[in-house]
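**Q** Have a look at the structure that comes next, please.
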Amino acid sequence: MLHCPEYREKYKEFLKIDFPRIPYPKDQAKYHKIAAKGTELRKLHLLENSANWYLITKYPEAGDNAVGGIEYMDNRVYINKTQYFEGVTPEVWNFFIGGYQPAQKWLKDRKGRTISFADIRHYQEMIVALSGTEEIMKTISL
């Protein structure tokens, strides 16, 4: 329910400071549908089976992988002047979970560091998870 767009809009101000009351589904069938969506979201957020995921971004430029000036432009997230992740939609780049924008925060937390190939893969998996979360949210209603 916390990922339902209607819920997030209705309780927007309360969500900034606390969790308001969570409405219970009207019937058992609706409960099971929402529970199934919750299972999908949990698997995405925990990156379960991510080794088998199709990555929707590319990291095409070779370089030192140093995270410097982070910039978003034309579906690309630049980590420095020459290297970037390609295929990051504006919706995923600007997506909020709680008070955070995970696609941005993860990189900002690594500013001034060099990321490894495992880090690159992890970021690409995060983008898949955020994109999937956005799609699932569109299917959840109160």
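Following the order of the structure tokens, chains are lettered A, B, ..., residues in each are numbered from 1, and ligands are numbered from 1.
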List the spatial neighbours of Glu40 of chain A as number ranges by chain - criterion: any atom at most 10 Å away, only C-alpha atoms, same-chain residues fewer than 4 positions off excluded.
**A** A: 34-36, 44-45, 48, 132-133, 136
**Q** Keeping N, CA and C atoms for every residue in the selection just given, could you write it to a file as a PDB file, in the first residue's frame?
**A**
```
ATOM      1  N   ILE A  34      -2.763  -7.141  -3.703  1.00  0.00           N
ATOM      2  CA  ILE A  34      -1.787  -6.196  -3.162  1.00  0.00           C
ATOM      3  C   ILE A  34      -0.615  -6.940  -2.532  1.00  0.00           C
ATOM      4  N   ALA A  35      -0.883  -8.030  -1.855  1.00  0.00           N
ATOM      5  CA  ALA A  35       0.185  -8.828  -1.249  1.00  0.00           C
ATOM      6  C   ALA A  35       1.126  -9.379  -2.320  1.00  0.00           C
ATOM      7  N   ALA A  36       0.579  -9.797  -3.452  1.00  0.00           N
ATOM      8  CA  ALA A  36       1.404 -10.297  -4.555  1.00  0.00           C
ATOM      9  C   ALA A  36       2.300  -9.181  -5.105  1.00  0.00           C
ATOM     10  N   LEU A  44      12.345  -7.183  -5.953  1.00  0.00           N
ATOM     11  CA  LEU A  44      13.080  -6.154  -6.692  1.00  0.00           C
ATOM     12  C   LEU A  44      14.016  -5.386  -5.771  1.00  0.00           C
ATOM     13  N   HIS A  45      13.493  -4.939  -4.636  1.00  0.00           N
ATOM     14  CA  HIS A  45      14.273  -4.098  -3.744  1.00  0.00           C
ATOM     15  C   HIS A  45      15.435  -4.843  -3.106  1.00  0.00           C
ATOM     16  N   GLU A  48      16.767  -9.742  -5.663  1.00  0.00           N
ATOM     17  CA  GLU A  48      16.746 -11.199  -5.750  1.00  0.00           C
ATOM     18  C   GLU A  48      16.830 -11.644  -7.205  1.00  0.00           C
ATOM     19  N   GLY A 132      11.377  -1.225 -12.421  1.00  0.00           N
ATOM     20  CA  GLY A 132      10.348  -2.217 -12.116  1.00  0.00           C
ATOM     21  C   GLY A 132       9.402  -1.738 -11.029  1.00  0.00           C
ATOM     22  N   THR A 133       9.946  -1.060 -10.032  1.00  0.00           N
ATOM     23  CA  THR A 133       9.122  -0.505  -8.958  1.00  0.00           C
ATOM     24  C   THR A 133       8.121   0.494  -9.517  1.00  0.00           C
ATOM     25  N   ILE A 136       5.341  -1.423 -11.327  1.00  0.00           N
ATOM     26  CA  ILE A 136       4.425  -2.091 -10.400  1.00  0.00           C
ATOM     27  C   ILE A 136       3.533  -1.074  -9.704  1.00  0.00           C
TER      28      ILE A 136
END
```
**Q** Within segment 35-127 of chain A, find each residue whose DSSP state, derived from the backbone, is strand (DSSP E or B), and express the selection as a count of residues only.
**A** 14
**Q** Smallest atom-to-atom distance to Met137 of chain A: which of A:Asp119, A:Val88, A:Lys30, A:Ile97, using only C-alpha atoms?
**A**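 Ranking A:Asp119, A:Val88, A:Lys30, A:Ile97 by distance to Met137 of chain A, first place goes to A:Ile97.
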**Q** Measuring atom to atom with only C-alpha atoms, identify which of A:Gly112, A:Pro23, A:Gly87, A:Gly99 is nearest to Ile127 of chain A.
**A**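 When distances to Ile127 of chain A are compared using only C-alpha atoms, the smallest one comes from A:Gly87.
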**Q** Using only C-alpha atoms, which residue out of A:Phe95, A:Tyr123, A:Phe117, A:Phe19 lies closest to Asn65 of chain A?
**A**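 Result for the nearest residue to Asn65 of chain A: A:Phe117.
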**Q** Could you name the residues that touch Leu47 of chain A at 8 Å or less, counting only C-alpha atoms, but leaving out those on the same chain fewer than 6 positions away, as a PyMOL selection string?
**A** chain A and resi 125-126+129
**Q** Would you output that residue set with C-alpha atoms, as a short mmCIF file (atom, residue, chain, number, x, y, z; two decimals), in the first residue's frame?
**A**
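The file below, out.cif, is the result:
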```
data_model
loop_
_atom_site.label_atom_id
_atom_site.label_comp_id
_atom_site.auth_asym_id
_atom_site.auth_seq_id
_atom_site.Cartn_x
_atom_site.Cartn_y
_atom_site.Cartn_z
CA GLU A 125 20.71 -3.59 -11.12
CA MET A 126 19.40 -0.71 -8.99
CA ALA A 129 14.79 -2.40 -9.67
#
```
**Q** Nearest residue to Glu135 of chain A out of A:Cys4, A:Asp18, A:Val77, A:Tyr11, using only C-alpha atoms?
**A** A:Cys4
**Q** Do you have the atom CA of Lys138 of chain A-atom CA of Tyr78 of chain A distance handy?
**A** 28.3 Å
